[in-house]
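Single-structure report; data block below.
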Amino acid sequence: MEERIANIPDVQTWASEAGVSRRWLCKSMKLVYGKPPKIILREIKYEKVVWLIRKEGLESSCYCVSVDAGFSRAKNVSMFLSAYYGTNFTKLKMRVLKEETKINLLWLSGATK
């Protein structure tokens with residue numbers, strides 16, 4: 001499950017794939033990690049975007065990263081970054097490539113190598 005975590009679209013799918021109820025998953029994640037699974041999935045999605053930018057470097061485009069990260073359209077990755085992280089794809093790409101911001105991959109550290 002760990003190696004597929006970045007491709008899980010929502011909490012219900014995560015619970016189904018884990019063979020547990022959504023309620024049990026929510027309670028367990030909150031107890032173990034101090035966060036609901038919705039927030040964990042959001043952080044994983046962000047890490048995947050960052051990881052893809054690092055991997056592709058200057059060649060990374062909003063469209064390619066959004067598709068590889070599981071967003072349905074390039075516009076969605078920009079809306080996601082704006083809503084939850086106060087940035088857009090271009091600004092994030094520049095920060096990541098210049099290494100101005102140290103972004104530690106907490107959830108994907110072993111899953112995307």
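Going by the structure tokens order, chains are called A, B, ..., each with residues numbered from 1, while ligands are numbered from 1 in the order shown.
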
Name all residues at most 9 Å from Leu92 (chain A) (count only C-alpha atoms; drop same-chain ones fewer than 5 positions away) and give them as a ChimeraX atom specification. /A:50,53,81,87,97

Using the selection just defined, write its residues with C-alpha atoms as a PDB file, in the first residue's frame.
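part26.pdb, written as the output of this step:
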ATOM      1  CA  VAL A  50       7.444  18.626  -5.749  1.00  0.00           C
ATOM      2  CA  ILE A  53       9.442  18.943 -10.462  1.00  0.00           C
ATOM      3  CA  LEU A  81      -1.447  24.774  -5.064  1.00  0.00           C
ATOM      4  CA  THR A  87       1.433  29.490  -4.583  1.00  0.00           C
ATOM      5  CA  LEU A  97      14.693  24.332  -8.694  1.00  0.00           C
TER       6      LEU A  97
END

Measuring between only C-alpha atoms, which one of A:Ala18, A:Ile5, A:Val49, A:Val32 shows the shortest distance to Val65 (chain A)? A:Val49

re CA of Glu47 (chain A) and CA of Arg73 (chain A): distance 17.9 Å

Go through chain A and collect every residue that DSSP, computed from the backbone, puts in helix (DSSP H, G or I); the answer should be as a PyMOL selection string. chain A and resi 2-7+11-18+22-33+37-59+62-68+74-85+89-98

Next, the residues of the selection above should be written as a PDB file, in the first residue's frame with C-alpha atoms.
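Result went into result-v2.pdb, see below:
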ATOM      1  CA  GLU A   2       2.859   2.430   0.779  1.00  0.00           C
ATOM      2  CA  GLU A   3       4.207   2.310  -2.757  1.00  0.00           C
ATOM      3  CA  ARG A   4       0.727   3.141  -4.147  1.00  0.00           C
ATOM      4  CA  ILE A   5      -0.219   5.822  -1.615  1.00  0.00           C
ATOM      5  CA  ALA A   6       0.479   8.694  -4.017  1.00  0.00           C
ATOM      6  CA  ASN A   7      -2.084   7.318  -6.463  1.00  0.00           C
ATOM      7  CA  VAL A  11     -10.222   8.629   1.660  1.00  0.00           C
ATOM      8  CA  GLN A  12     -12.989   6.197   0.669  1.00  0.00           C
ATOM      9  CA  THR A  13     -10.729   4.512  -1.895  1.00  0.00           C
ATOM     10  CA  TRP A  14      -7.918   4.330   0.663  1.00  0.00           C
ATOM     11  CA  ALA A  15     -10.227   2.652   3.182  1.00  0.00           C
ATOM     12  CA  SER A  16     -11.545   0.219   0.562  1.00  0.00           C
ATOM     13  CA  GLU A  17      -8.061  -0.754  -0.593  1.00  0.00           C
ATOM     14  CA  ALA A  18      -6.941  -1.206   3.007  1.00  0.00           C
ATOM     15  CA  ARG A  22     -13.687   4.934   6.317  1.00  0.00           C
ATOM     16  CA  ARG A  23     -14.481   5.735   9.933  1.00  0.00           C
ATOM     17  CA  TRP A  24     -11.839   3.333  11.256  1.00  0.00           C
ATOM     18  CA  LEU A  25      -9.229   4.768   8.880  1.00  0.00           C
ATOM     19  CA  CYS A  26     -10.040   8.323   9.964  1.00  0.00           C
ATOM     20  CA  LYS A  27      -9.839   7.480  13.656  1.00  0.00           C
ATOM     21  CA  SER A  28      -6.625   5.495  13.233  1.00  0.00           C
ATOM     22  CA  MET A  29      -4.817   8.119  11.153  1.00  0.00           C
ATOM     23  CA  LYS A  30      -5.827  10.842  13.574  1.00  0.00           C
ATOM     24  CA  LEU A  31      -4.568   8.763  16.499  1.00  0.00           C
ATOM     25  CA  VAL A  32      -1.281   7.654  14.892  1.00  0.00           C
ATOM     26  CA  TYR A  33      -0.348  10.742  12.852  1.00  0.00           C
ATOM     27  CA  PRO A  37      -6.421  10.951   6.096  1.00  0.00           C
ATOM     28  CA  LYS A  38      -7.769  13.775   3.906  1.00  0.00           C
ATOM     29  CA  ILE A  39      -4.909  16.026   5.047  1.00  0.00           C
ATOM     30  CA  ILE A  40      -2.379  13.211   4.635  1.00  0.00           C
ATOM     31  CA  LEU A  41      -3.535  12.607   1.054  1.00  0.00           C
ATOM     32  CA  ARG A  42      -3.275  16.343   0.360  1.00  0.00           C
ATOM     33  CA  GLU A  43       0.289  16.414   1.695  1.00  0.00           C
ATOM     34  CA  ILE A  44       1.177  13.344  -0.367  1.00  0.00           C
ATOM     35  CA  LYS A  45      -0.225  14.968  -3.516  1.00  0.00           C
ATOM     36  CA  TYR A  46       1.867  18.094  -2.827  1.00  0.00           C
ATOM     37  CA  GLU A  47       4.975  16.003  -2.254  1.00  0.00           C
ATOM     38  CA  LYS A  48       4.374  14.184  -5.515  1.00  0.00           C
ATOM     39  CA  VAL A  49       4.177  17.506  -7.378  1.00  0.00           C
ATOM     40  CA  VAL A  50       7.444  18.626  -5.749  1.00  0.00           C
ATOM     41  CA  TRP A  51       9.109  15.289  -6.446  1.00  0.00           C
ATOM     42  CA  LEU A  52       8.084  15.407 -10.117  1.00  0.00           C
ATOM     43  CA  ILE A  53       9.442  18.943 -10.462  1.00  0.00           C
ATOM     44  CA  ARG A  54      12.743  17.824  -8.919  1.00  0.00           C
ATOM     45  CA  LYS A  55      12.864  14.787 -11.177  1.00  0.00           C
ATOM     46  CA  GLU A  56      12.081  16.636 -14.423  1.00  0.00           C
ATOM     47  CA  GLY A  57      13.930  19.850 -13.571  1.00  0.00           C
ATOM     48  CA  LEU A  58      13.563  22.688 -16.064  1.00  0.00           C
ATOM     49  CA  GLU A  59      11.723  20.382 -18.437  1.00  0.00           C
ATOM     50  CA  CYS A  62       2.392  22.182 -15.410  1.00  0.00           C
ATOM     51  CA  TYR A  63       0.525  19.819 -17.715  1.00  0.00           C
ATOM     52  CA  CYS A  64       2.967  16.887 -17.392  1.00  0.00           C
ATOM     53  CA  VAL A  65       3.294  17.235 -13.639  1.00  0.00           C
ATOM     54  CA  SER A  66      -0.460  17.493 -13.155  1.00  0.00           C
ATOM     55  CA  VAL A  67      -1.118  14.364 -15.226  1.00  0.00           C
ATOM     56  CA  ASP A  68       1.654  12.393 -13.495  1.00  0.00           C
ATOM     57  CA  ALA A  74      -3.328  21.254 -15.588  1.00  0.00           C
ATOM     58  CA  LYS A  75      -5.654  23.903 -14.193  1.00  0.00           C
ATOM     59  CA  ASN A  76      -6.426  21.620 -11.238  1.00  0.00           C
ATOM     60  CA  VAL A  77      -2.828  21.476 -10.019  1.00  0.00           C
ATOM     61  CA  SER A  78      -2.668  25.270 -10.070  1.00  0.00           C
ATOM     62  CA  MET A  79      -5.960  25.540  -8.169  1.00  0.00           C
ATOM     63  CA  PHE A  80      -4.727  22.928  -5.648  1.00  0.00           C
ATOM     64  CA  LEU A  81      -1.447  24.774  -5.064  1.00  0.00           C
ATOM     65  CA  SER A  82      -3.224  28.117  -4.775  1.00  0.00           C
ATOM     66  CA  ALA A  83      -5.932  26.897  -2.405  1.00  0.00           C
ATOM     67  CA  TYR A  84      -3.775  24.888  -0.009  1.00  0.00           C
ATOM     68  CA  TYR A  85      -0.228  26.221  -0.358  1.00  0.00           C
ATOM     69  CA  PHE A  89       2.985  25.973 -10.356  1.00  0.00           C
ATOM     70  CA  THR A  90       5.508  28.427 -11.782  1.00  0.00           C
ATOM     71  CA  LYS A  91       6.435  29.901  -8.388  1.00  0.00           C
ATOM     72  CA  LEU A  92       6.715  26.460  -6.805  1.00  0.00           C
ATOM     73  CA  LYS A  93       8.854  25.214  -9.689  1.00  0.00           C
ATOM     74  CA  MET A  94      11.263  28.133  -9.329  1.00  0.00           C
ATOM     75  CA  ARG A  95      11.497  27.671  -5.545  1.00  0.00           C
ATOM     76  CA  VAL A  96      12.123  23.956  -5.904  1.00  0.00           C
ATOM     77  CA  LEU A  97      14.693  24.332  -8.694  1.00  0.00           C
ATOM     78  CA  LYS A  98      16.531  27.139  -6.899  1.00  0.00           C
TER      79      LYS A  98
END
